[in-house]
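**Student:** Below you'll find the structure I mean.
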Amino acid sequence: MRDDEGRDDNDGREGFGMSVRPRLLITRRLSPEVEARAARDYDAVLNPEDRVFTRDELVAACQEVDAVLPCHSERFDAAVIAALPDRLRVIANHSVGVDHVDLAAAAGRGIIVTNTPDVLSDATAEIAILCMLGAARRGAEGDRMVREGRWNTWSPSFMVGAQITGKRFGVLGMGRVGRVTAARARGFGMEVHYHNRRPLPPEDAQGAIWHDTPESLIATSDVLSLHCPATPETEGIMNAERIAKMPRGAILVNTARGALVDEAALVEALKSRHLFAAGLDVFRTEPGGNPALAALDNVFLLPHIGSATFETRIAMGYRALDNLDAVFADNEPGDRVA
Ligand code: DGY
């Protein structure tokens, strides 16, 4: 029998093969539904105040637990991982991105690491489209003008933006989120181009045009949307040289990770109007963002909320718990990344 949360209703404890429920640290406040399921199946240590752990607090809080369910706000670098107790079996991330975890260090200690793919693709694609439209149609500038009582004119030349209908939409990293975003962009009549190391099978490409190099995609895209994970290979992939290769008047959208972009180079390209605008949900410094970007009118900024919908938060939490359940039932978790 399956319960409301979609899992087998045997309370799972016998399946975990442990006489007491595994002790689970959940580092941030999650959806009530997710916390209720976690408290039912685990000896869950919650964080009702949603206090952000310092590095030392994180290490200390992990000492007495069998598992941790963190978000991308907690960094598990090599030193933190070295300080984790032997009893800790799994880091079950509440995120698809795992750049905050040193996967090699975790693997070296035999700690399983999982993530939450798929369930956030729709929500993140929505934010990518919002960033594209906000940038193209000067959404932040217009909002500020009305809100601050500075809207005192109208003319045919007032607040003219870039139309995206029929333009070329480039996807750098055509994975799950990239493919959903491409599908939404097609709804605007955009022609989709992408770069992956290898072309996708036709059923996934859906007619999108493959480019064998990032440079070729970048030079072709009227709107370039970043969807690759942050890894040592992709760090700073949008550097000054590649930004200069974007067509004059193009738009850059980033809903993946701030580390992909050289923000100083982006500021220069926006100031010189080589780029028409940028729509950004992620930054090198989070929380906070980049004041030099925030000072510009031709950027549409959001505070890393790509997956922040009620539905998706619940789905992410359940997915992380599904992975934990598998580990404690001595099964292979579906979303193992290390
Ligand atoms: C993710 O899942 O990686 C999102 O950026 C939120 O953490």
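By order in the structure tokens, chains are A, B, ...; within a chain, residues start at 1; ligands start at 1, following the order shown.
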Neighbouring residues of Met190 of chain A were defined as those with any atom within 9 Å, considering only C-alpha atoms; residues of the same chain fewer than 4 positions away were excluded. Please report them as a list in words.
**Tutor:**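 Neighbouring residues, sequence-local ones excluded: Ile164, Thr165, Gly166, Lys167, Arg168, Phe169, Ala182, Ala185 and Arg186 of chain A.
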**Student:** With N, CA and C atoms retained, export the selected residues as a compact mmCIF listing (two decimals), in the first residue's frame.
**Tutor:**
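Produced file selection-v4.txt, reproduced below:
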```
# COMPACT_ATOMS: atom_id res chain seq x y z
N ILE A 164 11.59 38.73 -28.97
CA ILE A 164 12.29 37.44 -29.05
C ILE A 164 11.60 36.47 -30.03
N THR A 165 10.37 36.78 -30.41
CA THR A 165 9.66 35.90 -31.33
C THR A 165 10.47 35.72 -32.61
N GLY A 166 10.66 34.46 -32.98
CA GLY A 166 11.36 34.15 -34.23
C GLY A 166 12.88 34.23 -34.14
N LYS A 167 13.40 34.59 -32.98
CA LYS A 167 14.87 34.72 -32.85
C LYS A 167 15.50 33.36 -32.54
N ARG A 168 16.83 33.35 -32.52
CA ARG A 168 17.56 32.09 -32.24
C ARG A 168 17.83 31.97 -30.74
N PHE A 169 17.42 30.84 -30.19
CA PHE A 169 17.58 30.57 -28.75
C PHE A 169 18.66 29.52 -28.58
N ALA A 182 14.11 24.82 -23.77
CA ALA A 182 14.05 24.89 -25.24
C ALA A 182 12.61 24.70 -25.71
N ALA A 185 10.78 27.86 -25.18
CA ALA A 185 11.23 28.89 -26.14
C ALA A 185 10.59 28.65 -27.51
N ARG A 186 10.43 27.37 -27.87
CA ARG A 186 9.76 27.07 -29.16
C ARG A 186 8.36 27.65 -29.19
```
**Student:** Report the residues of segment 10-117 of chain A whose backbone DSSP state falls under strand (DSSP E or B), written as a PDB file with N, CA and C atoms, in the first residue's frame.
**Tutor:**
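Result saved to selection28.pdb:
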```
ATOM      1  N   ARG A  23      19.400   8.448  12.181  1.00  0.00           N
ATOM      2  CA  ARG A  23      19.350   9.857  12.588  1.00  0.00           C
ATOM      3  C   ARG A  23      19.744  10.713  11.385  1.00  0.00           C
ATOM      4  N   LEU A  24      18.876  11.652  11.070  1.00  0.00           N
ATOM      5  CA  LEU A  24      19.009  12.446   9.842  1.00  0.00           C
ATOM      6  C   LEU A  24      19.052  13.925  10.172  1.00  0.00           C
ATOM      7  N   LEU A  25      20.096  14.609   9.744  1.00  0.00           N
ATOM      8  CA  LEU A  25      20.166  16.070   9.884  1.00  0.00           C
ATOM      9  C   LEU A  25      19.633  16.711   8.611  1.00  0.00           C
ATOM     10  N   ILE A  26      18.610  17.558   8.763  1.00  0.00           N
ATOM     11  CA  ILE A  26      18.115  18.365   7.630  1.00  0.00           C
ATOM     12  C   ILE A  26      18.569  19.796   7.895  1.00  0.00           C
ATOM     13  N   ASP A  43      14.833   9.646  12.628  1.00  0.00           N
ATOM     14  CA  ASP A  43      15.043  10.441  13.827  1.00  0.00           C
ATOM     15  C   ASP A  43      15.603  11.768  13.305  1.00  0.00           C
ATOM     16  N   ALA A  44      14.678  12.636  12.922  1.00  0.00           N
ATOM     17  CA  ALA A  44      15.073  13.812  12.130  1.00  0.00           C
ATOM     18  C   ALA A  44      15.455  14.991  13.020  1.00  0.00           C
ATOM     19  N   VAL A  45      16.591  15.581  12.726  1.00  0.00           N
ATOM     20  CA  VAL A  45      17.017  16.813  13.394  1.00  0.00           C
ATOM     21  C   VAL A  45      16.703  17.946  12.428  1.00  0.00           C
ATOM     22  N   ALA A  67      22.967  10.399   8.409  1.00  0.00           N
ATOM     23  CA  ALA A  67      22.734  10.959   7.077  1.00  0.00           C
ATOM     24  C   ALA A  67      22.502  12.456   7.214  1.00  0.00           C
ATOM     25  N   VAL A  68      22.787  13.167   6.139  1.00  0.00           N
ATOM     26  CA  VAL A  68      22.504  14.601   6.124  1.00  0.00           C
ATOM     27  C   VAL A  68      21.780  14.929   4.827  1.00  0.00           C
ATOM     28  N   LEU A  69      20.796  15.816   4.951  1.00  0.00           N
ATOM     29  CA  LEU A  69      20.030  16.272   3.785  1.00  0.00           C
ATOM     30  C   LEU A  69      20.267  17.782   3.685  1.00  0.00           C
ATOM     31  N   PHE A  76      30.184  21.239   1.354  1.00  0.00           N
ATOM     32  CA  PHE A  76      30.883  20.048   1.828  1.00  0.00           C
ATOM     33  C   PHE A  76      32.181  19.929   1.034  1.00  0.00           C
ATOM     34  N   VAL A  90      25.428   8.939   4.049  1.00  0.00           N
ATOM     35  CA  VAL A  90      24.925   9.545   2.807  1.00  0.00           C
ATOM     36  C   VAL A  90      24.681  11.047   2.959  1.00  0.00           C
ATOM     37  N   ILE A  91      25.035  11.776   1.923  1.00  0.00           N
ATOM     38  CA  ILE A  91      24.682  13.196   1.784  1.00  0.00           C
ATOM     39  C   ILE A  91      23.619  13.236   0.687  1.00  0.00           C
ATOM     40  N   ALA A  92      22.371  13.411   1.087  1.00  0.00           N
ATOM     41  CA  ALA A  92      21.245  13.379   0.130  1.00  0.00           C
ATOM     42  C   ALA A  92      20.834  14.818  -0.159  1.00  0.00           C
ATOM     43  N   VAL A 101      29.528  20.180  -3.177  1.00  0.00           N
ATOM     44  CA  VAL A 101      30.035  18.957  -2.531  1.00  0.00           C
ATOM     45  C   VAL A 101      31.271  18.479  -3.292  1.00  0.00           C
ATOM     46  N   ILE A 112      27.992   8.097   0.279  1.00  0.00           N
ATOM     47  CA  ILE A 112      27.142   8.192  -0.915  1.00  0.00           C
ATOM     48  C   ILE A 112      26.637   9.632  -1.043  1.00  0.00           C
ATOM     49  N   VAL A 113      26.583  10.132  -2.268  1.00  0.00           N
ATOM     50  CA  VAL A 113      26.027  11.470  -2.515  1.00  0.00           C
ATOM     51  C   VAL A 113      24.925  11.343  -3.567  1.00  0.00           C
ATOM     52  N   THR A 114      23.781  11.987  -3.308  1.00  0.00           N
ATOM     53  CA  THR A 114      22.677  11.968  -4.277  1.00  0.00           C
ATOM     54  C   THR A 114      22.209  13.397  -4.546  1.00  0.00           C
TER      55      THR A 114
END
```
**Student:** Find the residues around Ala265 of chain A up to 8 Å (only C-alpha atoms counted), leave out those fewer than 3 positions away in its own chain, and share them as a PDB file with N, CA, C and O atoms, in the first residue's frame.
**Tutor:**
```pdb
ATOM      1  N   ASN A 239      33.645  33.600 -20.579  1.00  0.00           N
ATOM      2  CA  ASN A 239      34.696  34.572 -20.249  1.00  0.00           C
ATOM      3  C   ASN A 239      34.605  35.749 -21.232  1.00  0.00           C
ATOM      4  O   ASN A 239      33.733  35.778 -22.122  1.00  0.00           O
ATOM      5  N   ALA A 240      35.525  36.703 -21.075  1.00  0.00           N
ATOM      6  CA  ALA A 240      35.465  37.928 -21.893  1.00  0.00           C
ATOM      7  C   ALA A 240      35.494  37.589 -23.383  1.00  0.00           C
ATOM      8  O   ALA A 240      34.745  38.163 -24.197  1.00  0.00           O
ATOM      9  N   ILE A 243      32.150  36.075 -24.431  1.00  0.00           N
ATOM     10  CA  ILE A 243      31.083  37.092 -24.392  1.00  0.00           C
ATOM     11  C   ILE A 243      31.219  38.005 -25.617  1.00  0.00           C
ATOM     12  O   ILE A 243      30.227  38.379 -26.250  1.00  0.00           O
ATOM     13  N   ASP A 262      32.149  35.057 -16.205  1.00  0.00           N
ATOM     14  CA  ASP A 262      33.071  36.086 -15.727  1.00  0.00           C
ATOM     15  C   ASP A 262      32.221  37.358 -15.576  1.00  0.00           C
ATOM     16  O   ASP A 262      31.895  38.025 -16.567  1.00  0.00           O
ATOM     17  N   GLU A 268      31.126  44.727 -18.333  1.00  0.00           N
ATOM     18  CA  GLU A 268      31.684  45.548 -19.415  1.00  0.00           C
ATOM     19  C   GLU A 268      30.855  45.420 -20.694  1.00  0.00           C
ATOM     20  O   GLU A 268      30.566  46.408 -21.364  1.00  0.00           O
ATOM     21  N   ALA A 269      30.458  44.203 -21.022  1.00  0.00           N
ATOM     22  CA  ALA A 269      29.687  43.986 -22.258  1.00  0.00           C
ATOM     23  C   ALA A 269      28.304  44.625 -22.172  1.00  0.00           C
ATOM     24  O   ALA A 269      27.751  45.073 -23.182  1.00  0.00           O
TER      25      ALA A 269
END
```
**Student:** Can you tell me which residues come within 9 Å of ligand 1 when counting only C-alpha atoms and all ligand atoms, ideally as a ChimeraX atom specification?
**Tutor:** /A:71-73,93-99,115-117,120,124,229,255-257,282,304-308,316
**Student:** Any idea what the distance is between atom CA of Phe16 of chain A and atom CA of Arg319 of chain A?
**Tutor:**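 One can read the atom CA of Phe16 of chain A to atom CA of Arg319 of chain A distance as 17.1 Å.
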**Student:** Find, counting only C-alpha atoms, the residue in A:Leu88, A:Ala125, A:Leu252, A:Met246 that gets nearest to Leu226 of chain A.
**Tutor:**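 Ranking A:Leu88, A:Ala125, A:Leu252, A:Met246 by distance to Leu226 of chain A, first place goes to A:Leu252.
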**Student:** Would you pick out the contacts of Leu224 of chain A at 12 Å or less, using only C-alpha atoms, so that residues sharing its chain but fewer than 5 positions from it are not included, and give the list as JSON, numbers by chain?
**Tutor:** {"A": [128, 129, 131, 132, 135, 136, 164, 167, 168, 169, 170, 171, 172, 173, 174, 178, 181, 182, 185, 190, 191, 192, 193, 194, 195, 214, 215, 216, 217, 218, 219, 238, 242, 243, 245, 246, 247, 249, 250, 251, 252, 253, 254, 255, 275, 276, 277, 278, 279, 280]}
**Student:** Take the residues that were just selected and, keeping C-alpha atoms, output them as a PDB file, in the first residue's frame.
**Tutor:**
```pdb
ATOM      1  CA  ALA A 128      14.812  31.016 -17.503  1.00  0.00           C
ATOM      2  CA  ILE A 129      11.959  32.258 -19.684  1.00  0.00           C
ATOM      3  CA  CYS A 131      14.802  36.042 -17.172  1.00  0.00           C
ATOM      4  CA  MET A 132      14.783  36.093 -20.971  1.00  0.00           C
ATOM      5  CA  ALA A 135      15.882  41.158 -19.980  1.00  0.00           C
ATOM      6  CA  ALA A 136      14.471  41.538 -23.489  1.00  0.00           C
ATOM      7  CA  ILE A 164      12.287  37.440 -29.048  1.00  0.00           C
ATOM      8  CA  LYS A 167      14.868  34.720 -32.850  1.00  0.00           C
ATOM      9  CA  ARG A 168      17.563  32.087 -32.239  1.00  0.00           C
ATOM     10  CA  PHE A 169      17.575  30.571 -28.749  1.00  0.00           C
ATOM     11  CA  GLY A 170      20.882  28.969 -27.817  1.00  0.00           C
ATOM     12  CA  VAL A 171      21.127  26.395 -25.052  1.00  0.00           C
ATOM     13  CA  LEU A 172      24.579  25.774 -23.615  1.00  0.00           C
ATOM     14  CA  GLY A 173      24.129  22.393 -21.918  1.00  0.00           C
ATOM     15  CA  MET A 174      21.064  20.666 -23.324  1.00  0.00           C
ATOM     16  CA  GLY A 178      17.909  22.887 -21.073  1.00  0.00           C
ATOM     17  CA  THR A 181      13.535  25.503 -21.515  1.00  0.00           C
ATOM     18  CA  ALA A 182      14.049  24.890 -25.240  1.00  0.00           C
ATOM     19  CA  ALA A 185      11.230  28.888 -26.142  1.00  0.00           C
ATOM     20  CA  MET A 190      12.214  30.674 -31.467  1.00  0.00           C
ATOM     21  CA  GLU A 191      14.646  28.512 -33.405  1.00  0.00           C
ATOM     22  CA  VAL A 192      16.521  26.350 -30.911  1.00  0.00           C
ATOM     23  CA  HIS A 193      20.284  25.746 -31.162  1.00  0.00           C
ATOM     24  CA  TYR A 194      22.415  23.908 -28.620  1.00  0.00           C
ATOM     25  CA  HIS A 195      25.865  22.721 -27.722  1.00  0.00           C
ATOM     26  CA  PRO A 214      30.476  26.457 -27.581  1.00  0.00           C
ATOM     27  CA  GLU A 215      31.954  29.179 -29.829  1.00  0.00           C
ATOM     28  CA  SER A 216      29.746  28.220 -32.755  1.00  0.00           C
ATOM     29  CA  LEU A 217      26.626  28.244 -30.559  1.00  0.00           C
ATOM     30  CA  ILE A 218      27.601  31.496 -28.874  1.00  0.00           C
ATOM     31  CA  ALA A 219      28.164  33.288 -32.194  1.00  0.00           C
ATOM     32  CA  MET A 238      31.447  32.614 -20.461  1.00  0.00           C
ATOM     33  CA  ARG A 242      33.330  34.232 -25.505  1.00  0.00           C
ATOM     34  CA  ILE A 243      31.083  37.092 -24.392  1.00  0.00           C
ATOM     35  CA  LYS A 245      31.730  36.449 -29.642  1.00  0.00           C
ATOM     36  CA  MET A 246      28.015  36.854 -28.842  1.00  0.00           C
ATOM     37  CA  PRO A 247      26.231  38.807 -31.594  1.00  0.00           C
ATOM     38  CA  GLY A 249      22.539  43.084 -29.171  1.00  0.00           C
ATOM     39  CA  ALA A 250      22.311  39.517 -27.833  1.00  0.00           C
ATOM     40  CA  ILE A 251      20.905  38.543 -24.452  1.00  0.00           C
ATOM     41  CA  LEU A 252      22.569  36.279 -21.885  1.00  0.00           C
ATOM     42  CA  VAL A 253      20.414  34.221 -19.507  1.00  0.00           C
ATOM     43  CA  ASN A 254      21.885  32.307 -16.578  1.00  0.00           C
ATOM     44  CA  THR A 255      19.758  30.137 -14.302  1.00  0.00           C
ATOM     45  CA  LEU A 275      24.965  42.865 -25.134  1.00  0.00           C
ATOM     46  CA  PHE A 276      21.455  44.275 -25.096  1.00  0.00           C
ATOM     47  CA  ALA A 277      20.729  42.796 -21.675  1.00  0.00           C
ATOM     48  CA  ALA A 278      21.178  39.879 -19.290  1.00  0.00           C
ATOM     49  CA  GLY A 279      18.696  37.931 -17.167  1.00  0.00           C
ATOM     50  CA  LEU A 280      20.366  36.324 -14.167  1.00  0.00           C
TER      51      LEU A 280
END
```
**Student:** Rank nothing, just name the residue among A:Val261, A:Val65, A:Ala38, A:Leu324 nearest to Cys228 of chain A, using only C-alpha atoms.
**Tutor:**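 Once distances to Cys228 of chain A are computed over only C-alpha atoms, the minimum belongs to A:Val261.
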**Student:** Enumerate, as a ChimeraX atom specification, the complete set of residues in segment 118-288 of chain A that a backbone-based DSSP assignment places in alpha helix (DSSP H).
**Tutor:** /A:121-136,139-147,176-186,202-205,214-220,240-245,263-271
**Student:** Given the choices A:Val20, A:Ala162, A:Gly289, A:Val119, which gets closest to Gly139 of chain A if the distance is worked out from only C-alpha atoms?
**Tutor:**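 With only C-alpha atoms as the atom set, the closest residue is A:Ala162.
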**Student:** Would you pick out the contacts of Arg197 of chain A at 9 Å or less, using only C-alpha atoms, so that residues sharing its chain but fewer than 3 positions from it are not included, and give the list as a PyMOL selection string?
**Tutor:** chain A and resi 173+211-213
**Student:** Select, from A:Ile209, A:Ala79, A:Leu270, A:Val337, the residue with the minimum atom-to-atom distance to Ala294 of chain A, counting only C-alpha atoms.
**Tutor:**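 Once distances to Ala294 of chain A are computed over only C-alpha atoms, the minimum belongs to A:Leu270.
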